[in-house]
Amino acid sequence: MTLTPEDISQSLMDAARNAGADAADAIVIDGSSVSVEVRSGALEHAERSEGTDLGLRVFLGQRQAIVSSSDSRPETLTAMAERAVAMAREAPEDPFTGLADAAQLATDWDLPALELFDPTPEPAAEDLLHDALAAEATALSVHGVSQVSDAAAAYGTHRVHLTATNGFSGGYARSSRSTTCVAISGEGTGMERDYDGDSRTFQSDLRSPEEIGRTAGERAVALVGAQKPTTGTFPVLFDERISSSLIGHLLGASNGAAIARGASWLKDCLGEQVLPDHLSLIEDPHRPRIAGSRPFDAEGLATQRRAIVENGVLTGWTLDLSSARKLDMTSTGNAARGVSGPPSPSNWNLSLTQGTHSRQDLLRDMGTGLLVTSMIGSTINPNTGDYSRGASGFWVENGEITHPVNECTIAGNLRDMLKRIIPANDARPYLSRVVPSVLIEGMTLAGS
């Protein structure tokens, strides 16, 4: 008989009790995936994987230990529990560790409303191959594309179940379907590359492979002839494809684990303005068909919609139980974990208030500056917010794109940068992070 993730997690709880644990929780992830990659019109790589990963965390007083395995046989579960308890006996005490109180646990959720799993049949490998080939062929049909380095399609599902001795037991299933394409233009040292891709929960929502291939090809061709821009101070427009990275730095700095360590440039900014006063940053883990949605977190607490930044003001930290206890606060239901580590704070779906102008309007208004479409490397000082990243994209003169640029660095300070952002209205609503293109004036640009 095949055991479900719920069966396995409950068996781990029984094994932990029998081994002498004071408390325990277990997470079981059962998944399968199939993917294909093509090159030059032929299948280059195909892979199918199936497996079950399980993690057990046990507590002896305020000592904890974690073990993981991919073997769900009864004798293995018993050995895991015994090993975990033995490890916990040797572990140092942590006054902030421990399970949630029963009163904190999520007790009711509406899985159908979240639409995390596509009930339509799994695509055949031939269907994935067809999509990958179609993306590649369309990219190659774009004039100026010399080759396609990668075209792929994939499908995957996984089931998650969390069980704990505090009485929590809950799980859900996810599905995902994706198509990607990377195109190359030019020859020799003048070669440029760019990509496009799409990943959705429901197969019917996925953009066509032809559209993905065409966009990848057109983006690669547009980069031909890139040159270094002028060094100086200019406005920089972060394209919608990469603008969420700026919000990612804000989220990292407001993460409870960083705050508890004192390693954040936002540590003294709670209740202060961090964005323009007409902008808010909303976390909503209950959006249907979105990859970041979930009914409860990795500690069994209910997830919730909340304003991380409201009208420009930072309202709170992102907390799991441990970081909340360290800060003498309450968890925000943002614990995430894998099978081999303890929970830690993480964000779910985010959306930044969109602006009233299009990206083209912002280009026109910025005059002369840089449109960034790709970034590489990162030098971010977590304590000061000093920011420096390699970038490429397009030079803008008098509000019009004139030529592609590369091999430049943009720099500033996140504390000041985020207060000056001007958002466009072009965010894609189906992404987990809905962030439009963002203009920031007065950034330092190092080029030629």
# chains A, B, ... in the order shown; residues from 1 in each chain; ligands from 1
$ residues_around --residues "Val182 (chain A)" --least-positions-apart "5" --cutoff "7 Å" --atoms "only C-alpha atoms" --output "list in words"
Val148, Ser149, Asp150, Ala151, Arg193, Asp194, Tyr195, Asp196 and Ala216 of chain A
$ write_last_selection --atoms "C-alpha atoms" --output "PDB file, in the first residue's frame"
ATOM      1  CA  VAL A 148      18.991  29.226 -29.427  1.00  0.00           C
ATOM      2  CA  SER A 149      21.070  28.073 -26.483  1.00  0.00           C
ATOM      3  CA  ASP A 150      18.170  26.607 -24.562  1.00  0.00           C
ATOM      4  CA  ALA A 151      14.488  25.918 -25.069  1.00  0.00           C
ATOM      5  CA  ARG A 193      21.648  36.774 -25.321  1.00  0.00           C
ATOM      6  CA  ASP A 194      18.271  37.286 -23.760  1.00  0.00           C
ATOM      7  CA  TYR A 195      15.359  35.137 -22.701  1.00  0.00           C
ATOM      8  CA  ASP A 196      11.678  34.834 -22.080  1.00  0.00           C
ATOM      9  CA  ALA A 216      13.250  35.910 -26.510  1.00  0.00           C
TER      10      ALA A 216
END
$ select_by_dssp --residues "region 248-334 of chain A" --states "strand (DSSP E or B)" --output "CSV table (one decimal) with all heavy atoms, in the first residue's frame"
chain,number,residue,atom,x,y,z
A,255,ASN,N,13.1,41.5,7.1
A,255,ASN,CA,13.0,40.1,7.6
A,255,ASN,C,13.3,40.0,9.1
A,255,ASN,O,14.4,40.5,9.5
A,255,ASN,CB,13.9,39.2,6.8
A,255,ASN,CG,13.7,37.7,7.1
A,255,ASN,OD1,14.1,37.3,8.1
A,255,ASN,ND2,13.1,37.0,6.2
A,273,GLN,N,8.9,56.3,7.3
A,273,GLN,CA,8.7,56.3,5.8
A,273,GLN,C,9.9,55.6,5.1
A,273,GLN,O,11.0,56.0,5.3
A,273,GLN,CB,8.5,57.7,5.3
A,273,GLN,CG,8.3,57.7,3.8
A,273,GLN,CD,8.1,59.1,3.2
A,273,GLN,OE1,8.0,60.1,4.0
A,273,GLN,NE2,8.0,59.2,1.9
A,281,LEU,N,3.0,48.4,0.0
A,281,LEU,CA,3.5,47.1,-0.4
A,281,LEU,C,2.7,46.1,0.4
A,281,LEU,O,2.8,46.0,1.6
A,281,LEU,CB,5.0,46.9,0.0
A,281,LEU,CG,5.7,45.6,-0.4
A,281,LEU,CD1,5.6,45.4,-1.9
A,281,LEU,CD2,7.1,45.5,0.1
A,282,ILE,N,1.9,45.3,-0.4
A,282,ILE,CA,0.9,44.4,0.2
A,282,ILE,C,1.3,43.0,0.0
A,282,ILE,O,1.7,42.6,-1.1
A,282,ILE,CB,-0.5,44.6,-0.4
A,282,ILE,CG1,-0.9,46.1,-0.3
A,282,ILE,CG2,-1.5,43.7,0.3
A,282,ILE,CD1,-1.0,46.6,1.2
A,283,GLU,N,1.2,42.2,1.1
A,283,GLU,CA,1.5,40.7,1.0
A,283,GLU,C,0.1,40.0,1.1
A,283,GLU,O,-0.7,40.3,2.0
A,283,GLU,CB,2.4,40.3,2.1
A,283,GLU,CG,2.6,38.8,2.1
A,283,GLU,CD,3.6,38.3,3.2
A,283,GLU,OE1,3.2,38.5,4.4
A,283,GLU,OE2,4.7,37.9,2.8
A,296,PHE,N,-1.5,28.0,5.1
A,296,PHE,CA,-0.8,28.1,6.4
A,296,PHE,C,0.7,28.1,6.2
A,296,PHE,O,1.2,27.7,5.1
A,296,PHE,CB,-1.3,27.0,7.3
A,296,PHE,CG,-1.1,25.6,6.7
A,296,PHE,CD1,0.1,24.9,6.7
A,296,PHE,CD2,-2.2,25.0,6.1
A,296,PHE,CE1,0.2,23.7,6.1
A,296,PHE,CE2,-2.1,23.7,5.5
A,296,PHE,CZ,-0.9,23.1,5.5
A,301,LEU,N,0.6,28.1,11.3
A,301,LEU,CA,-0.1,29.3,11.6
A,301,LEU,C,-0.8,29.8,10.3
A,301,LEU,O,-0.3,29.6,9.2
A,301,LEU,CB,0.8,30.4,12.1
A,301,LEU,CG,1.2,30.4,13.6
A,301,LEU,CD1,1.9,29.2,14.0
A,301,LEU,CD2,1.9,31.7,14.0
A,302,ALA,N,-1.9,30.4,10.5
A,302,ALA,CA,-2.7,30.9,9.3
A,302,ALA,C,-1.9,32.0,8.6
A,302,ALA,O,-1.4,32.9,9.3
A,302,ALA,CB,-4.1,31.4,9.8
A,306,ARG,N,-1.5,41.3,4.6
A,306,ARG,CA,-1.1,42.4,5.5
A,306,ARG,C,-0.3,43.4,4.6
A,306,ARG,O,0.2,43.1,3.6
A,306,ARG,CB,-0.1,41.9,6.6
A,306,ARG,CG,1.2,41.3,6.1
A,306,ARG,CD,1.9,40.5,7.2
A,306,ARG,NE,3.2,40.0,6.7
A,306,ARG,CZ,4.4,40.6,7.0
A,306,ARG,NH1,4.4,41.7,7.7
A,306,ARG,NH2,5.5,40.1,6.5
A,307,ALA,N,-0.3,44.6,5.1
A,307,ALA,CA,0.5,45.7,4.5
A,307,ALA,C,1.8,45.8,5.2
A,307,ALA,O,2.0,46.1,6.4
A,307,ALA,CB,-0.2,47.0,4.7
A,308,ILE,N,2.9,45.4,4.4
A,308,ILE,CA,4.3,45.5,5.0
A,308,ILE,C,4.6,47.0,5.0
A,308,ILE,O,5.3,47.5,6.0
A,308,ILE,CB,5.2,44.7,4.1
A,308,ILE,CG1,4.9,43.2,4.2
A,308,ILE,CG2,6.7,44.9,4.6
A,308,ILE,CD1,5.7,42.4,3.2
A,309,VAL,N,4.3,47.7,4.0
A,309,VAL,CA,4.4,49.2,3.9
A,309,VAL,C,3.1,49.8,3.5
A,309,VAL,O,2.5,49.3,2.6
A,309,VAL,CB,5.5,49.6,2.9
A,309,VAL,CG1,5.6,51.1,2.8
A,309,VAL,CG2,6.8,49.0,3.2
A,310,GLU,N,2.6,50.7,4.3
A,310,GLU,CA,1.3,51.3,4.1
A,310,GLU,C,1.5,52.8,4.0
A,310,GLU,O,2.0,53.5,4.9
A,310,GLU,CB,0.3,51.0,5.2
A,310,GLU,CG,-1.1,51.4,4.9
A,310,GLU,CD,-2.1,50.9,5.9
A,310,GLU,OE1,-1.7,50.4,7.0
A,310,GLU,OE2,-3.3,50.9,5.6
A,313,VAL,N,4.9,54.0,4.8
A,313,VAL,CA,5.4,53.8,6.2
A,313,VAL,C,5.6,52.3,6.4
A,313,VAL,O,4.7,51.5,6.2
A,313,VAL,CB,4.4,54.4,7.2
A,313,VAL,CG1,4.9,54.0,8.7
A,313,VAL,CG2,4.4,55.9,7.1
A,314,LEU,N,6.7,51.9,6.9
A,314,LEU,CA,7.0,50.5,7.3
A,314,LEU,C,6.2,50.1,8.5
A,314,LEU,O,6.4,50.7,9.6
A,314,LEU,CB,8.5,50.3,7.6
A,314,LEU,CG,9.0,48.9,7.9
A,314,LEU,CD1,8.8,47.9,6.8
A,314,LEU,CD2,10.5,49.0,8.3
A,318,THR,N,8.7,40.8,9.0
A,318,THR,CA,8.3,39.5,8.6
A,318,THR,C,8.8,38.5,9.5
A,318,THR,O,10.0,38.3,9.7
A,318,THR,CB,8.7,39.2,7.1
A,318,THR,OG1,8.2,40.2,6.2
A,318,THR,CG2,8.4,37.8,6.7
$ atom_distance --atom1 "CA of Asn383 (chain A)" --atom2 "CA of Leu319 (chain A)"
19.1 Å
$ atom_distance --atom1 "CA of Ile290 (chain A)" --atom2 "CA of Met417 (chain A)"
28.9 Å
$ closest_residue --among "A:Ser280, A:Ser69, A:Thr384, A:Ser293" --to "Pro112 (chain A)" --atoms "only C-alpha atoms"
A:Ser293
$ closest_residue --among "A:Val160, A:Val34, A:Met443, A:Ala86" --to "Glu122 (chain A)" --atoms "only C-alpha atoms"
A:Val34
$ atom_distance --atom1 "CA of Gln304 (chain A)" --atom2 "CA of His158 (chain A)"
22.7 Å
$ closest_residue --among "A:Leu279, A:Leu99, A:Ala263, A:Val405" --to "Thr165 (chain A)" --atoms "only C-alpha atoms"
A:Leu99
$ select_by_dssp --residues "region 47-153 of chain A" --states "alpha helix (DSSP H)" --output "number ranges by chain"
A: 74-90, 111-114, 125-140
$ residues_around --residues "Arg219 (chain A)" --least-positions-apart "4" --cutoff "12 Å" --atoms "only C-alpha atoms" --output "compact mmCIF listing (two decimals) with C-alpha atoms, in the first residue's frame"
# COMPACT_ATOMS: atom_id res chain seq x y z
CA ALA A 139 13.03 32.31 -31.84
CA VAL A 142 13.46 36.18 -35.78
CA HIS A 143 15.87 37.96 -38.13
CA GLY A 144 19.23 38.39 -36.40
CA VAL A 145 19.00 35.39 -34.08
CA CYS A 181 13.65 30.04 -24.27
CA VAL A 182 17.11 31.66 -24.42
CA ALA A 183 18.10 33.21 -27.76
CA ILE A 184 21.49 34.43 -28.98
CA SER A 185 22.13 37.13 -31.56
CA GLU A 192 24.27 38.87 -27.07
CA ARG A 193 21.65 36.77 -25.32
CA ASP A 194 18.27 37.29 -23.76
CA TYR A 195 15.36 35.14 -22.70
CA ASP A 196 11.68 34.83 -22.08
CA ILE A 212 7.81 33.08 -25.68
CA GLY A 213 10.24 32.18 -28.46
CA ARG A 214 9.47 35.33 -30.44
CA THR A 215 9.95 37.59 -27.42
CA LEU A 223 20.98 44.05 -27.75
CA VAL A 224 23.27 43.82 -30.80
CA THR A 373 16.69 45.20 -18.46
CA SER A 374 19.28 42.85 -16.93
CA GLY A 393 19.94 47.59 -21.09
CA PHE A 394 19.36 50.64 -23.29
CA PRO A 404 21.83 49.08 -26.22
$ residues_around --residues "Ala137 (chain A)" --least-positions-apart "3" --cutoff "8 Å" --atoms "only C-alpha atoms" --output "PDB file with all heavy atoms, in the first residue's frame"
ATOM      1  N   GLY A  41      16.537  21.741 -33.092  1.00  0.00           N
ATOM      2  CA  GLY A  41      15.412  20.999 -33.607  1.00  0.00           C
ATOM      3  C   GLY A  41      15.298  19.567 -33.142  1.00  0.00           C
ATOM      4  O   GLY A  41      14.490  18.800 -33.669  1.00  0.00           O
ATOM      5  N   LEU A 133      10.118  22.750 -28.870  1.00  0.00           N
ATOM      6  CA  LEU A 133      10.507  22.894 -30.278  1.00  0.00           C
ATOM      7  C   LEU A 133       9.856  24.118 -30.904  1.00  0.00           C
ATOM      8  O   LEU A 133      10.484  24.831 -31.699  1.00  0.00           O
ATOM      9  CB  LEU A 133      10.123  21.635 -31.056  1.00  0.00           C
ATOM     10  CG  LEU A 133      10.953  20.385 -30.758  1.00  0.00           C
ATOM     11  CD1 LEU A 133      10.328  19.161 -31.429  1.00  0.00           C
ATOM     12  CD2 LEU A 133      12.400  20.563 -31.221  1.00  0.00           C
ATOM     13  N   ALA A 134       8.596  24.372 -30.558  1.00  0.00           N
ATOM     14  CA  ALA A 134       7.902  25.532 -31.119  1.00  0.00           C
ATOM     15  C   ALA A 134       8.548  26.830 -30.642  1.00  0.00           C
ATOM     16  O   ALA A 134       8.706  27.782 -31.436  1.00  0.00           O
ATOM     17  CB  ALA A 134       6.433  25.499 -30.712  1.00  0.00           C
ATOM     18  N   LEU A 140      14.280  31.219 -33.619  1.00  0.00           N
ATOM     19  CA  LEU A 140      15.212  31.168 -34.744  1.00  0.00           C
ATOM     20  C   LEU A 140      14.671  31.887 -35.979  1.00  0.00           C
ATOM     21  O   LEU A 140      15.445  32.305 -36.850  1.00  0.00           O
ATOM     22  CB  LEU A 140      15.518  29.706 -35.098  1.00  0.00           C
ATOM     23  CG  LEU A 140      16.409  28.952 -34.102  1.00  0.00           C
ATOM     24  CD1 LEU A 140      16.432  27.467 -34.425  1.00  0.00           C
ATOM     25  CD2 LEU A 140      17.824  29.534 -34.105  1.00  0.00           C
ATOM     26  N   SER A 141      13.347  32.028 -36.054  1.00  0.00           N
ATOM     27  CA  SER A 141      12.755  32.713 -37.211  1.00  0.00           C
ATOM     28  C   SER A 141      12.886  34.226 -37.122  1.00  0.00           C
ATOM     29  O   SER A 141      12.642  34.934 -38.104  1.00  0.00           O
ATOM     30  CB  SER A 141      11.279  32.333 -37.339  1.00  0.00           C
ATOM     31  OG  SER A 141      10.506  32.924 -36.298  1.00  0.00           O
ATOM     32  N   GLY A 213       9.079  32.231 -27.574  1.00  0.00           N
ATOM     33  CA  GLY A 213      10.235  32.184 -28.460  1.00  0.00           C
ATOM     34  C   GLY A 213      10.446  33.488 -29.211  1.00  0.00           C
ATOM     35  O   GLY A 213      11.582  33.969 -29.354  1.00  0.00           O
TER      36      GLY A 213
END
